[in-house]
$ cat structure.txt   # compact mmCIF, C-alpha atoms and all ligand atoms
# COMPACT_ATOMS: atom_id res chain seq x y z
CA MET A 90 4.06 21.91 -29.66
CA THR A 91 5.16 23.34 -26.32
CA GLY A 92 1.81 22.27 -24.87
CA VAL A 93 2.25 18.72 -26.15
CA LEU A 94 5.81 18.62 -24.81
CA THR A 95 4.70 19.94 -21.42
CA LEU A 96 1.95 17.30 -21.31
CA TYR A 97 4.46 14.65 -22.26
CA ARG A 98 6.93 15.77 -19.64
CA THR A 99 4.23 15.96 -17.03
CA SER A 100 2.96 12.47 -17.71
CA VAL A 101 6.50 11.04 -17.67
CA GLY A 102 7.11 12.92 -14.44
CA LYS A 103 3.97 11.42 -12.94
CA LYS A 104 4.96 7.94 -14.07
CA VAL A 105 8.35 8.40 -12.38
CA ILE A 106 6.64 9.58 -9.17
CA MET A 107 4.41 6.50 -9.33
CA ALA A 108 7.42 4.18 -9.91
CA VAL A 109 9.58 5.71 -7.14
CA THR A 110 6.76 5.75 -4.54
CA GLY A 111 5.79 2.24 -5.70
CA PHE A 112 9.37 1.13 -5.06
CA ILE A 113 9.24 2.54 -1.50
CA LEU A 114 5.88 0.83 -0.89
CA VAL A 115 7.09 -2.53 -2.27
CA GLY A 116 10.11 -2.24 0.06
CA PHE A 117 7.79 -1.64 3.01
CA VAL A 118 5.46 -4.52 2.10
CA VAL A 119 8.40 -6.96 1.81
CA PHE A 120 9.94 -5.73 5.09
CA HIS A 121 6.54 -5.90 6.85
CA MET A 122 5.93 -9.43 5.56
CA TYR A 123 9.39 -10.52 6.73
CA GLY A 124 8.83 -8.93 10.16
CA ASN A 125 5.50 -10.70 10.54
CA THR A 126 7.08 -14.13 9.90
CA LYS A 127 8.53 -13.77 13.43
CA VAL A 128 5.05 -14.63 14.68
CA TYR A 129 5.97 -18.26 13.83
CA MET A 130 8.80 -18.02 16.42
CA GLY A 131 6.43 -17.43 19.33
CA PRO A 132 5.15 -14.57 21.51
CA GLU A 133 8.51 -13.48 23.00
CA VAL A 134 10.21 -13.06 19.63
CA PHE A 135 7.19 -11.40 17.99
CA ASN A 136 6.52 -8.98 20.87
CA ALA A 137 10.23 -8.15 21.03
CA TYR A 138 10.14 -7.37 17.30
CA ALA A 139 7.19 -4.99 17.85
CA ALA A 140 9.08 -3.31 20.71
CA GLY A 141 12.21 -3.14 18.52
CA LEU A 142 10.32 -1.20 15.85
CA ARG A 143 9.66 1.51 18.43
CA THR A 144 13.22 1.65 19.75
CA LEU A 145 14.79 1.44 16.27
CA GLY A 146 17.88 3.66 15.94
CA GLU A 147 18.34 4.21 19.71
CA PRO A 148 20.33 5.86 21.22
CA VAL A 149 20.92 8.08 18.16
CA PHE A 150 17.16 8.42 17.63
CA ALA A 151 14.74 8.81 20.53
CA TYR A 152 11.84 6.41 21.20
CA GLU A 153 9.60 6.01 18.09
CA HIS A 154 11.38 8.83 16.21
CA LEU A 155 12.74 6.62 13.42
CA LEU A 156 9.39 4.80 13.27
CA TRP A 157 7.61 8.15 12.83
CA LEU A 158 10.03 9.12 10.09
CA ALA A 159 9.24 5.85 8.30
CA ARG A 160 5.49 6.49 8.81
CA LEU A 161 5.82 9.98 7.28
CA VAL A 162 7.69 8.61 4.25
CA LEU A 163 5.05 5.89 3.87
CA ILE A 164 2.08 8.24 4.16
CA SER A 165 3.63 10.67 1.64
CA SER A 166 4.36 7.77 -0.72
CA VAL A 167 0.76 6.50 -0.54
CA VAL A 168 -0.64 10.00 -1.19
CA LEU A 169 1.72 10.67 -4.13
CA HIS A 170 1.16 7.17 -5.54
CA ILE A 171 -2.62 7.59 -5.58
CA TRP A 172 -2.41 11.19 -6.86
CA SER A 173 -0.15 10.24 -9.80
CA ALA A 174 -2.30 7.19 -10.65
CA ALA A 175 -5.52 9.23 -10.61
CA SER A 176 -4.09 12.09 -12.60
CA LEU A 177 -2.52 9.77 -15.23
CA THR A 178 -5.91 8.05 -15.62
CA ARG A 179 -7.69 11.41 -16.06
CA GLN A 180 -5.03 12.50 -18.54
CA SER A 181 -5.37 9.33 -20.63
CA GLN A 182 -9.18 9.66 -20.62
CA LYS A 183 -8.90 13.29 -21.79
CA THR A 184 -6.47 12.33 -24.57
CA THR A 185 -8.83 9.61 -25.72
CA ALA A 186 -11.82 11.95 -25.75
CA GLY A 187 -9.92 14.48 -27.87
CA ASN A 188 -8.80 11.95 -30.47
CA ALA A 189 -10.10 11.58 -34.04
CA VAL A 190 -12.31 8.59 -34.92
CA GLY A 191 -9.46 6.63 -36.60
CA THR A 192 -7.27 7.01 -33.53
CA MET A 193 -10.23 6.02 -31.37
CA LYS A 194 -10.42 2.67 -33.20
CA ARG A 195 -6.72 2.12 -32.58
CA TYR A 196 -7.14 3.07 -28.92
CA GLY A 197 -10.03 0.59 -28.66
CA ALA A 198 -7.68 -2.21 -29.68
CA GLN A 199 -5.00 -1.03 -27.24
CA LYS A 200 -7.56 -0.65 -24.48
CA ARG A 201 -8.63 -4.27 -24.92
CA GLN A 202 -5.00 -5.36 -24.58
CA THR A 203 -4.29 -3.38 -21.42
CA GLY A 204 -7.85 -3.33 -20.06
CA TYR A 205 -7.39 -6.25 -17.67
CA ALA A 206 -4.23 -4.78 -16.11
CA ALA A 207 -5.71 -1.25 -15.92
CA TYR A 208 -8.91 -2.59 -14.32
CA THR A 209 -6.96 -4.66 -11.78
CA MET A 210 -4.70 -1.73 -10.90
CA ARG A 211 -7.53 0.78 -10.52
CA TYR A 212 -10.11 -1.26 -8.61
CA GLY A 213 -7.55 -3.50 -6.90
CA GLY A 214 -5.70 -0.34 -5.81
CA LEU A 215 -8.93 1.06 -4.36
CA LEU A 216 -9.57 -2.19 -2.47
CA LEU A 217 -6.00 -2.09 -1.12
CA PHE A 218 -6.49 1.48 0.07
CA LEU A 219 -9.67 0.43 1.93
CA PHE A 220 -7.78 -2.59 3.28
CA ILE A 221 -5.01 -0.37 4.71
CA ILE A 222 -7.59 1.82 6.49
CA TYR A 223 -9.31 -1.29 7.91
CA HIS A 224 -5.96 -2.87 8.82
CA LEU A 225 -4.83 0.20 10.79
CA LEU A 226 -8.19 0.40 12.62
CA HIS A 227 -7.86 -3.33 13.30
CA LEU A 228 -4.29 -4.26 14.32
CA THR A 229 -2.84 -0.81 15.10
CA PHE A 230 -5.75 0.90 16.90
CA GLY A 231 -7.88 -2.14 17.88
CA VAL A 232 -11.18 -0.37 17.20
CA VAL A 233 -12.63 -2.93 14.73
CA GLY A 234 -12.67 -6.75 14.61
CA PHE A 235 -12.20 -7.29 18.37
CA ALA A 236 -14.64 -7.92 21.20
CA PRO A 237 -14.59 -5.07 23.78
CA GLY A 238 -11.48 -5.28 25.97
CA GLN A 239 -9.75 -7.93 23.79
CA TYR A 240 -7.26 -5.66 22.02
CA GLN A 241 -4.31 -4.62 24.14
CA HIS A 242 -2.58 -1.35 23.30
CA PRO A 243 1.18 -1.21 23.86
CA GLU A 244 1.86 0.09 27.34
CA GLY A 245 5.26 0.95 28.79
CA ASP A 246 7.48 -2.02 28.01
CA ALA A 247 4.61 -4.47 27.43
CA TYR A 248 3.75 -5.25 23.82
CA GLN A 249 0.94 -7.70 23.25
CA VAL A 250 1.11 -7.67 19.46
CA TYR A 251 1.18 -11.50 19.44
CA SER A 252 -2.11 -11.94 21.29
CA ASN A 253 -3.71 -9.15 19.19
CA PHE A 254 -2.57 -11.04 16.11
CA ILE A 255 -4.14 -14.34 17.25
CA LEU A 256 -7.39 -12.80 18.47
CA GLY A 257 -7.64 -10.64 15.34
CA PHE A 258 -7.36 -13.54 12.91
CA ARG A 259 -9.56 -15.96 14.88
CA ASN A 260 -12.56 -14.31 13.26
CA PRO A 261 -13.06 -16.14 9.90
CA LEU A 262 -14.75 -13.11 8.31
CA VAL A 263 -11.82 -10.83 9.16
CA SER A 264 -9.34 -13.49 7.99
CA GLY A 265 -11.35 -13.96 4.77
CA PHE A 266 -11.14 -10.23 4.05
CA TYR A 267 -7.36 -10.26 4.64
CA ILE A 268 -6.97 -13.25 2.28
CA LEU A 269 -9.02 -11.54 -0.45
CA ALA A 270 -7.02 -8.31 -0.03
CA MET A 271 -3.73 -10.25 -0.24
CA ILE A 272 -4.81 -11.82 -3.56
CA PHE A 273 -5.40 -8.29 -4.89
CA LEU A 274 -2.10 -7.18 -3.37
CA GLY A 275 -0.35 -9.97 -5.33
CA LEU A 276 -1.98 -8.86 -8.61
CA HIS A 277 -1.21 -5.20 -7.87
CA LEU A 278 2.41 -6.03 -7.06
CA PHE A 279 2.84 -8.09 -10.22
CA HIS A 280 1.53 -5.39 -12.60
CA GLY A 281 3.01 -2.57 -10.52
CA VAL A 282 6.55 -3.99 -10.28
CA TRP A 283 6.48 -4.84 -13.98
CA SER A 284 5.39 -1.28 -14.96
CA MET A 285 7.95 0.16 -12.51
CA PHE A 286 10.77 -1.67 -14.32
CA GLN A 287 9.56 -0.25 -17.63
CA THR A 288 9.20 3.31 -16.32
CA LEU A 289 12.69 3.15 -14.82
CA GLY A 290 14.03 2.19 -18.25
CA LEU A 291 14.72 -1.47 -17.51
CA ASN A 292 12.85 -2.56 -20.64
CA ASN A 293 15.68 -4.07 -22.64
CA ALA A 294 14.15 -7.04 -24.53
CA LYS A 295 17.07 -9.22 -23.39
CA TYR A 296 15.90 -9.02 -19.77
CA THR A 297 12.14 -9.18 -20.31
CA GLY A 298 11.88 -12.79 -19.07
CA LEU A 299 14.08 -12.12 -16.05
CA LEU A 300 12.21 -8.96 -14.99
CA ARG A 301 8.80 -10.57 -15.52
CA GLY A 302 10.00 -13.51 -13.42
CA LEU A 303 11.18 -11.13 -10.69
CA ALA A 304 7.79 -9.34 -10.66
CA ILE A 305 5.98 -12.70 -10.41
CA LEU A 306 8.34 -13.87 -7.64
CA ILE A 307 7.86 -10.75 -5.47
CA ALA A 308 4.07 -10.83 -5.98
CA CYS A 309 3.74 -14.57 -5.20
CA VAL A 310 6.05 -14.58 -2.16
CA VAL A 311 4.32 -11.56 -0.56
CA ALA A 312 0.79 -12.84 -1.28
CA ILE A 313 1.46 -16.45 -0.20
CA VAL A 314 3.40 -15.60 3.00
CA ASN A 315 0.80 -12.98 4.02
CA ILE A 316 -2.08 -15.38 3.33
CA SER A 317 -0.33 -18.01 5.48
CA PHE A 318 -0.79 -15.82 8.63
CA PRO A 319 -4.60 -15.83 8.93
CA ILE A 320 -4.74 -19.47 7.80
CA ALA A 321 -2.09 -20.51 10.36
CA VAL A 322 -4.12 -18.85 13.14
CA LEU A 323 -7.42 -20.39 11.98
CA VAL A 324 -6.01 -23.95 11.82
CA GLY A 325 -4.03 -23.54 15.08
CA ILE A 326 -0.46 -23.66 13.65
CA ILE A 327 0.17 -20.36 15.48
CA PRO A 328 -1.07 -21.14 19.01
CA PRO A 329 -2.53 -18.61 21.45
CA ALA A 330 -0.04 -17.12 23.94
CA ALA A 331 0.11 -19.20 27.13
C1 LIG B 401 -1.73 -10.74 6.40
C2 LIG B 401 -0.98 -9.68 6.18
C3 LIG B 401 -0.59 -8.70 7.25
C4 LIG B 401 -0.41 -8.92 8.60
C5 LIG B 401 -0.53 -10.21 9.35
C6 LIG B 401 -0.09 -7.64 9.20
C7 LIG B 401 0.14 -7.44 10.54
C8 LIG B 401 0.32 -6.23 11.15
C9 LIG B 401 0.45 -6.01 12.57
C10 LIG B 401 0.43 -7.12 13.63
C11 LIG B 401 0.58 -4.68 12.79
C12 LIG B 401 0.76 -3.97 14.14
C13 LIG B 401 2.25 -3.92 14.39
C14 LIG B 401 2.62 -3.20 15.66
O1 LIG B 401 1.81 -2.45 16.23
O2 LIG B 401 3.79 -3.34 16.06
C15 LIG B 401 0.55 -4.04 11.50
C16 LIG B 401 0.68 -2.69 11.28
C17 LIG B 401 0.69 -2.10 10.03
N1 LIG B 401 0.52 -2.73 8.82
FE1 LIG B 401 0.26 -4.70 8.51
N2 LIG B 401 -0.05 -6.69 8.22
C18 LIG B 401 -0.36 -7.29 7.02
C19 LIG B 401 -0.41 -6.70 5.78
C20 LIG B 401 -0.17 -5.37 5.55
C21 LIG B 401 -0.15 -4.75 4.24
C22 LIG B 401 -0.38 -5.49 2.93
C23 LIG B 401 0.11 -3.42 4.44
C24 LIG B 401 0.28 -2.31 3.46
C25 LIG B 401 0.10 -2.40 2.18
C26 LIG B 401 0.25 -3.22 5.85
C27 LIG B 401 0.48 -2.00 6.45
C28 LIG B 401 0.61 -1.79 7.81
C29 LIG B 401 0.86 -0.49 8.41
C30 LIG B 401 1.03 0.83 7.66
C31 LIG B 401 0.91 -0.69 9.80
C32 LIG B 401 1.15 0.37 10.88
C33 LIG B 401 2.60 0.40 11.22
C34 LIG B 401 2.87 1.49 12.24
O3 LIG B 401 2.80 2.66 11.84
O4 LIG B 401 3.10 1.18 13.41
N3 LIG B 401 0.07 -4.41 6.50
N4 LIG B 401 0.39 -5.00 10.52
$ encode --input "structure.txt" --output "structure tokens" --more "lines below"
Ligand code: HEM
Amino acid sequence: MTGVLTLYRTSVGKKVIMAVTGFILVGFVVFHMYGNTKVYMGPEVFNAYAAGLRTLGEPVFAYEHLLWLARLVLISSVVLHIWSAASLTRQSQKTTAGNAVGTMKRYGAQKRQTGYAAYTMRYGGLLLFLFIIYHLLHLTFGVVGFAPGQYQHPEGDAYQVYSNFILGFRNPLVSGFYILAMIFLGLHLFHGVWSMFQTLGLNNAKYTGLLRGLAILIACVVAIVNISFPIAVLVGIIPPAA
């Protein structure tokens, strides 16, 4: 009994960790998407935004200190999010293996119902992880997706994030990968935000429609706005810096 209770508590605990870190990550993704819309306002505004991220909190915080704090929170959230997801999956597989045949049949029916969401979360989540690695190597470090000498690292007061953005998305293959990843991000956000509401106890039947609508809204806005960036560069709506 104690063992079952401990298991129960542990899996609830892991679900809460997944929901709370998911909440932080959704917040980041929405903020990041909003920040990137400044690219539509031209190079000065976009480069000033990039510079502003580094000087955030000054003079109370020194240069890049608040940014590094945010990076640490983000990295810890990603690690905890993946750890809780993997360990919940292992736990549910173990429980299934230990079940009697009758329960197995019941689980089979449940698995069919949730299989699509579970599959999307697991493999979509893996693709998103690979996307983040690629994205950092691409637009933060400039070591992939650019011809030699094209990417300009921030130097002193000069931030060339705008021209990196344009040159980065001019490559249709790179843009295609971003668009594919953003479709998976939309699906991940929809299922993730919906599960987060349930884990956090917001599963009153009265609000089901509202919460589902909110999950769909967040997922669609983030996916559509993010997909607009590579497309806008490819069709010339966002022009190269003069
Ligand atoms: C089409 C969609 C996206 C665009 C256009 C975009 C654009 C950018 C740009 C231009 C930078 C460099 C900013 C700078 O150095 O000031 C950046 C950094 C970053 N992006 Fe994105 N991004 C997109 C989607 C995402 C997504 C979906 C995630 C995470 C799930 C993400 C995570 C990050 C992270 C962690 C950084 C590094 C921030 C830092 O530590 O300085 N991005 N992105």
$ residues_around --input "structure.txt" --residues "His277 in chain A" --least-positions-apart "3" --cutoff "7 Å" --atoms "only C-alpha atoms" --output "MDAnalysis selection string"
chainID A and resid 209:210 213:214 273:274 280:281
$ residues_around --input "structure.txt" --residues "range 105-122 of chain A" --least-positions-apart "3" --cutoff "10 Å" --atoms "all atoms listed in the file" --output "NGL selection string"
:A and (99-102 or 125-127 or 159 or 162-174 or 177 or 274 or 278 or 281-289 or 307-308 or 310-312 or 314-315 or 318)
$ residues_near_ligand --input "structure.txt" --ligand "ligand LIG 401 (chain B)" --cutoff "9 Å" --atoms "only C-alpha atoms and all ligand atoms" --output "PyMOL selection string"
chain A and resi 114-115+117-119+121-122+124-126+128+135-136+138-143+156-157+159-160+163-164+217-218+220-222+224-225+227-230+242-243+248-251+253-254+257-258+264+267-268+270-271+274+311-312+314-319
$ closest_residue --input "structure.txt" --among "A:Tyr212, A:Ala175, A:Asn292, A:Leu158" --to "Gly146 in chain A" --atoms "all atoms listed in the file"
A:Leu158
$ closest_residue --input "structure.txt" --among "A:Ile255, A:Pro261, A:Leu276, A:Ala331" --to "Arg211 in chain A" --atoms "only C-alpha atoms"
A:Leu276
$ closest_residue --input "structure.txt" --among "A:Ala247, A:Lys104, A:Cys309, A:Leu219" --to "Ile272 in chain A" --atoms "all atoms listed in the file"
A:Cys309
